[in-house]
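model.cif (mmCIF, C-alpha atoms)
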data_input
loop_
_atom_site.label_atom_id
_atom_site.label_comp_id
_atom_site.auth_asym_id
_atom_site.auth_seq_id
_atom_site.Cartn_x
_atom_site.Cartn_y
_atom_site.Cartn_z
CA MET A 11 118.01 85.55 82.18
CA GLY A 12 120.59 84.15 84.62
CA LEU A 13 118.54 81.10 85.61
CA THR A 14 117.39 80.27 82.07
CA ARG A 15 121.01 80.56 81.00
CA LYS A 16 121.98 78.08 83.72
CA ILE A 17 119.33 75.53 82.77
CA PHE A 18 119.82 75.99 79.01
CA PRO A 19 123.47 76.93 78.50
CA HIS A 20 123.19 75.96 74.86
CA PRO A 21 119.56 76.12 73.60
CA THR A 22 120.35 75.16 69.99
CA LEU A 23 122.21 72.06 71.18
CA SER A 24 119.23 71.15 73.40
CA VAL A 25 116.81 71.27 70.46
CA LEU A 26 119.28 69.33 68.29
CA LEU A 27 119.68 66.60 70.93
CA LEU A 28 115.90 66.25 71.27
CA LEU A 29 115.56 65.97 67.50
CA VAL A 30 118.39 63.41 67.15
CA TRP A 31 116.94 61.33 69.99
CA VAL A 32 113.46 61.19 68.42
CA LEU A 33 115.01 60.29 65.05
CA LEU A 34 117.19 57.59 66.63
CA VAL A 35 114.21 55.96 68.34
CA ASN A 36 112.38 56.38 65.03
CA HIS A 37 109.00 56.57 66.72
CA LEU A 38 107.11 59.69 67.77
CA SER A 39 105.43 59.32 71.16
CA LEU A 40 105.12 61.34 74.36
CA GLY A 41 107.64 59.09 76.14
CA THR A 42 110.28 59.57 73.45
CA VAL A 43 109.84 63.34 73.42
CA VAL A 44 110.00 63.58 77.24
CA PHE A 45 113.17 61.47 77.43
CA GLY A 46 114.67 63.44 74.55
CA ALA A 47 113.89 66.67 76.41
CA ILE A 48 115.59 65.32 79.55
CA LEU A 49 118.71 64.49 77.49
CA GLY A 50 118.48 67.91 75.85
CA VAL A 51 118.62 69.60 79.26
CA LEU A 52 121.18 67.33 80.95
CA ILE A 53 123.84 66.94 78.25
CA PRO A 54 124.46 70.68 77.64
CA ILE A 55 124.71 71.28 81.43
CA LEU A 56 127.16 68.39 81.91
CA THR A 57 129.32 69.38 78.95
CA ALA A 58 129.22 73.17 79.44
CA ALA A 59 132.63 73.01 81.16
CA TYR A 60 134.21 71.70 77.96
CA TRP A 61 133.05 74.67 75.88
CA PRO A 62 135.05 77.46 77.48
CA ASP A 63 135.21 79.96 74.59
CA ARG A 64 132.00 79.00 72.87
CA PRO A 65 130.74 81.65 70.43
CA ARG A 66 127.28 82.96 71.21
CA SER A 67 124.49 80.69 69.98
CA PRO A 68 124.24 80.88 66.20
CA ARG A 69 120.93 82.32 65.02
CA PRO A 70 118.88 79.15 64.33
CA TRP A 71 116.69 80.60 61.55
CA LEU A 72 119.62 81.94 59.60
CA LEU A 73 121.36 78.60 60.11
CA LEU A 74 118.34 76.73 58.70
CA SER A 75 118.19 78.98 55.64
CA TYR A 76 121.96 78.47 55.19
CA ILE A 77 121.46 74.68 55.24
CA GLY A 78 118.70 75.11 52.65
CA VAL A 79 120.98 77.12 50.36
CA VAL A 80 123.79 74.54 50.73
CA LEU A 81 121.47 71.58 49.99
CA TRP A 82 120.22 73.31 46.83
CA ASP A 83 123.80 74.08 45.75
CA ILE A 84 124.82 70.46 46.34
CA LEU A 85 122.03 69.38 43.98
CA VAL A 86 122.96 71.83 41.22
CA ALA A 87 126.73 71.35 41.55
CA ASN A 88 126.34 67.54 41.49
CA LEU A 89 124.73 67.76 38.06
CA GLN A 90 127.48 70.09 36.83
CA VAL A 91 130.28 67.83 38.05
CA ALA A 92 128.59 64.72 36.66
CA ARG A 93 128.52 66.49 33.29
CA ILE A 94 132.19 67.41 33.59
CA VAL A 95 133.17 63.83 34.52
CA LEU A 96 131.11 62.22 31.76
CA PHE A 97 131.54 64.55 28.82
CA LYS A 98 134.66 66.63 29.28
CA ARG A 99 138.01 65.32 28.11
CA ASN A 100 140.75 65.29 30.73
CA ALA A 101 142.93 67.48 28.55
CA ASP A 102 140.29 70.23 28.50
CA MET A 103 139.98 70.37 32.25
CA ALA A 104 141.59 73.11 34.27
CA PRO A 105 142.15 71.86 37.81
CA ASN A 106 143.38 74.72 39.93
CA TRP A 107 144.38 75.74 43.44
CA VAL A 108 142.34 78.59 44.86
CA VAL A 109 143.37 80.69 47.86
CA VAL A 110 140.41 82.05 49.81
CA PRO A 111 141.36 84.82 52.26
CA LEU A 112 139.08 84.58 55.29
CA GLU A 113 137.19 87.28 57.12
CA LEU A 114 135.74 84.71 59.50
CA ARG A 115 137.63 84.31 62.77
CA THR A 116 135.47 81.90 64.81
CA PRO A 117 136.87 78.33 64.54
CA GLU A 118 133.34 76.88 64.36
CA ALA A 119 132.44 79.13 61.43
CA ILE A 120 135.66 78.32 59.55
CA THR A 121 135.01 74.59 60.10
CA MET A 122 131.53 74.97 58.63
CA LEU A 123 132.85 76.93 55.66
CA ALA A 124 135.52 74.29 54.95
CA GLY A 125 132.90 71.52 55.23
CA THR A 126 130.55 73.36 52.91
CA ILE A 127 133.30 73.84 50.32
CA THR A 128 134.06 70.10 50.35
CA LEU A 129 130.39 69.05 50.21
CA THR A 130 129.55 71.22 47.23
CA PRO A 131 131.14 69.17 44.46
CA GLY A 132 133.83 70.70 42.29
CA THR A 133 135.75 72.13 45.22
CA VAL A 134 137.61 70.47 48.11
CA SER A 135 139.13 72.41 50.97
CA ALA A 136 142.66 71.17 51.57
CA ASP A 137 144.39 73.30 54.17
CA LEU A 138 144.38 76.36 56.40
CA SER A 139 147.22 78.86 56.61
CA CYS A 140 149.34 78.96 59.79
CA ASP A 141 147.60 82.06 61.12
CA GLY A 142 144.14 80.76 60.16
CA HIS A 143 143.47 83.68 57.81
CA ALA A 144 143.25 81.83 54.50
CA LEU A 145 141.88 78.56 53.13
CA LEU A 146 143.54 76.47 50.44
CA VAL A 147 140.90 75.03 48.10
CA HIS A 148 141.29 72.71 45.14
CA ALA A 149 138.84 73.17 42.24
CA LEU A 150 138.21 70.38 39.72
CA ASP A 151 137.52 72.60 36.73
CA ALA A 152 138.16 76.29 37.23
CA PRO A 153 139.62 78.20 34.30
CA ASP A 154 139.12 81.33 36.43
CA PRO A 155 140.18 80.73 40.07
CA ASP A 156 139.19 84.27 41.09
CA ALA A 157 135.55 83.59 40.18
CA VAL A 158 135.52 80.50 42.41
CA ARG A 159 137.03 82.50 45.26
CA ASP A 160 134.48 85.31 44.88
CA GLU A 161 131.58 82.86 44.79
CA ILE A 162 132.73 81.14 48.00
CA LYS A 163 133.14 84.51 49.70
CA ASN A 164 129.82 85.99 48.56
CA ARG A 165 127.61 82.96 48.82
CA TYR A 166 128.84 81.12 51.91
CA GLU A 167 131.25 83.23 53.95
CA ARG A 168 128.97 86.26 54.06
CA ARG A 169 126.07 84.16 55.38
CA LEU A 170 128.26 82.38 57.95
CA LYS A 171 129.54 85.74 59.16
CA GLU A 172 125.95 86.82 59.81
CA ILE A 173 125.22 83.58 61.65
CA PHE A 174 128.29 83.32 63.86
CA GLU A 175 129.81 86.77 64.25
CA MET B 2 101.88 51.17 41.81
CA LEU B 3 102.66 54.82 41.17
CA ILE B 4 104.68 55.08 44.37
CA GLU B 5 106.67 51.99 43.40
CA ILE B 6 107.63 53.56 40.09
CA LEU B 7 108.70 56.69 41.95
CA ILE B 8 110.79 54.68 44.43
CA ALA B 9 112.42 52.77 41.57
CA LEU B 10 113.27 56.02 39.79
CA VAL B 11 114.79 57.59 42.89
CA ILE B 12 116.93 54.51 43.63
CA LEU B 13 118.01 54.28 40.01
CA ASN B 14 119.00 57.94 40.13
CA GLY B 15 121.10 57.28 43.23
CA ALA B 16 122.78 54.31 41.56
CA VAL B 17 123.60 56.36 38.46
CA PHE B 18 125.25 59.13 40.49
CA THR B 19 127.24 56.61 42.56
CA LEU B 20 128.37 55.00 39.31
CA VAL B 21 129.41 58.37 37.88
CA GLY B 22 131.40 58.96 41.07
CA SER B 23 133.27 55.66 40.67
CA TYR B 24 133.81 56.28 36.97
CA GLY B 25 135.23 59.70 37.78
CA LEU B 26 137.67 58.10 40.21
CA LEU B 27 138.98 55.98 37.34
CA LYS B 28 138.89 58.58 34.60
CA LEU B 29 140.26 61.72 36.23
CA THR B 30 144.00 62.25 36.49
CA GLY B 31 145.97 63.46 39.49
CA PRO B 32 145.23 62.69 43.15
CA MET B 33 143.48 65.99 43.91
CA SER B 34 141.13 65.76 40.92
CA ARG B 35 140.34 62.17 41.78
CA LEU B 36 139.33 63.21 45.27
CA HIS B 37 136.40 65.14 43.79
CA ALA B 38 134.63 62.07 42.42
CA PRO B 39 134.02 60.12 45.67
CA THR B 40 133.00 63.24 47.61
CA LYS B 41 130.30 63.66 45.01
CA ALA B 42 129.04 60.08 45.25
CA SER B 43 128.54 60.51 48.97
CA THR B 44 126.23 63.51 48.51
CA LEU B 45 123.65 63.18 45.74
CA GLY B 46 124.08 59.42 45.16
CA VAL B 47 123.67 58.35 48.76
CA GLY B 48 121.06 61.09 49.31
CA SER B 49 118.94 59.67 46.52
CA LEU B 50 119.23 56.11 47.81
CA LEU B 51 118.20 57.26 51.30
CA LEU B 52 115.24 59.18 49.88
CA GLY B 53 114.16 55.95 48.18
CA SER B 54 114.42 54.18 51.53
CA ILE B 55 112.24 56.82 53.26
CA LEU B 56 109.61 56.64 50.50
CA HIS B 57 109.55 52.85 50.67
CA ALA B 58 109.15 52.89 54.46
CA PHE B 59 106.21 55.28 54.28
CA ALA B 60 104.61 53.43 51.36
CA SER B 61 104.70 50.16 53.32
CA GLY B 62 103.01 51.81 56.29
CA GLU B 63 105.87 52.03 58.78
CA GLY B 64 107.21 55.53 58.51
CA SER B 65 110.95 55.78 59.11
CA MET B 66 113.14 58.85 59.42
CA HIS B 67 116.42 57.15 60.36
CA GLU B 68 117.68 58.07 56.94
CA VAL B 69 117.67 61.77 57.80
CA LEU B 70 120.18 61.01 60.56
CA VAL B 71 122.33 58.87 58.28
CA MET B 72 122.43 61.83 55.90
CA ALA B 73 123.26 64.32 58.64
CA PHE B 74 126.10 62.22 60.07
CA LEU B 75 127.45 61.56 56.59
CA PHE B 76 127.47 65.29 55.79
CA VAL B 77 129.30 66.05 59.02
CA THR B 78 131.97 63.34 58.59
CA ALA B 79 132.56 63.18 54.81
CA PRO B 80 134.49 66.50 54.57
CA ILE B 81 136.85 65.37 57.35
CA SER B 82 138.00 62.21 55.58
CA ALA B 83 138.32 64.19 52.34
CA ASN B 84 140.45 66.74 54.19
CA PHE B 85 142.73 63.99 55.53
CA ILE B 86 143.32 62.60 52.05
CA ALA B 87 144.01 66.12 50.78
CA LYS B 88 146.52 66.66 53.59
CA VAL B 89 148.37 63.43 52.76
CA ASN B 90 148.66 64.69 49.21
CA LEU B 91 149.91 68.09 50.44
CA HIS B 92 152.75 66.31 52.22
CA ARG B 93 153.71 64.66 48.93
CA LEU B 94 153.73 68.09 47.27
CA ARG B 95 156.02 69.60 49.91
CA GLY B 96 158.58 71.92 48.39
CA ARG B 97 157.04 71.85 44.92
CA PRO B 98 156.07 75.10 43.24
CA GLU B 99 152.49 74.12 42.30
CA LEU B 100 150.92 75.46 45.48
CA PRO B 101 150.06 79.15 45.72
CA PRO B 102 151.43 80.68 48.94
CA PRO B 103 149.02 82.02 51.56
CA PRO B 104 148.54 85.81 51.31
CA GLU B 105 149.94 87.00 54.65
CA SER B 106 151.05 84.01 56.67
CA ARG B 107 154.39 82.20 56.36
CA ASP B 108 153.02 78.90 55.11
CA TRP B 109 150.11 76.46 55.04
CA ALA B 110 149.42 74.72 58.33
CA THR B 111 150.38 71.27 57.00
CA TYR B 112 153.97 72.51 56.38
CA ALA B 113 154.33 74.37 59.64
CA GLU B 114 157.51 73.50 61.53
CA LYS B 115 156.98 73.44 65.24
#

Let me see the structure of the file written as structure tokens.
Amino acid sequence: MGLTRKIFPHPTLSVLLLLVWVLLVNHLSLGTVVFGAILGVLIPILTAAYWPDRPRSPRPWLLLSYIGVVLWDILVANLQVARIVLFKRNADMAPNWVVVPLELRTPEAITMLAGTITLTPGTVSADLSCDGHALLVHALDAPDPDAVRDEIKNRYERRLKEIFE
Amino acid sequence: MLIEILIALVILNGAVFTLVGSYGLLKLTGPMSRLHAPTKASTLGVGSLLLGSILHAFASGEGSMHEVLVMAFLFVTAPISANFIAKVNLHRLRGRPELPPPPESRDWATYAEK
């Protein structure tokens, strides 16, 4: 365990670096994969000193399924917002501020949650409270802000809590 | 032939969503509402255009997956620029009653006095 931990201080980052390298070169060959693997080993070791309070590695499979859920939601929510923009009169819209109290405490997880909220159309995350325990979110058309808050908490925050904490 | 029709449809779809995004920017009122339109164009619109590019690359025999990276980097950076615009707007709203206060803390981070 000790030695593997030394060579791979950040296994998920290693795999990600390998993947990004192969995609950058845009050509799958043994040479590319080997060089990508070298980068994947070296970069995490060299940068380990800059990650002092890193949370433990997020569970990769849960993370992949989370990305799948978010991509699907982006697709569905895009259609909904396009409909709102095209067919709903401005006067009928109910733009609203939504306060989302956070159970997440890891900065990485909160960053991902805020990013997810912005990427899924209809909501944009605007600010964090001073103590980092609540997110300020703006919703384009939310007659019922509590419903938006509950959906964010149930759909995204719960999953991120499983992944990071 | 069939693949070309598919590529054309995907690109057209991307163009339509980008157009809806720009139209939303014009039509919606208020800076925060307007912010929603461009964040939308950068997801499904650009995603569709990139999918068209991937399909075209594979159809012409030189597979290309660069587009996946473009998408990934876009998804990582787009929320940050949106957040900056939102923060600028928060500064303009300083002291106004529209904003709900945070549940426990004194204030939102943008207004914090150091």

Judged by all atoms listed in the file, the minimum distance to A:Asp156 among A:Phe45, A:Trp107, A:Phe97, A:Phe174 is found for A:Trp107

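Separating atom CA of B:Ser82 from atom CA of A:Asp137 is a distance of 12.9 Å.
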
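Nearest residue to chain B among A:Asn36, A:Thr42, A:Thr121, A:Thr57 is A:Asn36, counting all atoms listed in the file.
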
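With distances restricted to all atoms listed in the file, A:Cys140 is the closest residue to chain B from A:Ala152, A:Leu114, A:Cys140, A:Ile127.
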
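Using all atoms listed in the file, the protein and nucleic acid residues lying no more than 12 Å from A:Lys98, apart from those fewer than 5 places from it along its own chain, are Gln90, Val91, Ala92, Arg93, Met103, Ala104, Leu150 and Asp151 of chain A; Gly25, Lys28 and Leu29 of chain B.
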
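Proximity of A:Ile55, A:Ala119, A:Val147, A:Val79 to chain B, computed with only C-alpha atoms, is greatest for A:Val147.
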
Result set of the PyMOL selection byres ((chain B) within 9 of (chain A)) on the coordinates above, as a VMD selection string | chain B and resid 18 21 to 22 24 to 25 28 to 30 33 to 38 40 to 45 64 to 70 76 to 81 83 to 88 91 99 to 113

Check: Could you write out as a PyMOL selection string the residues that the PyMOL selection byres ((chain B and resi 53-63) around 6) matches in the shown file?
Finding: chain B and resi 8+11-12+50-52+64-65

One decimal place gives the atom CA of A:Arg69-atom CA of A:Ile173 separation as 5.6 Å

Taken to one decimal, the atom CA of B:Val17-atom CA of A:Asp154 distance is 29.5 Å
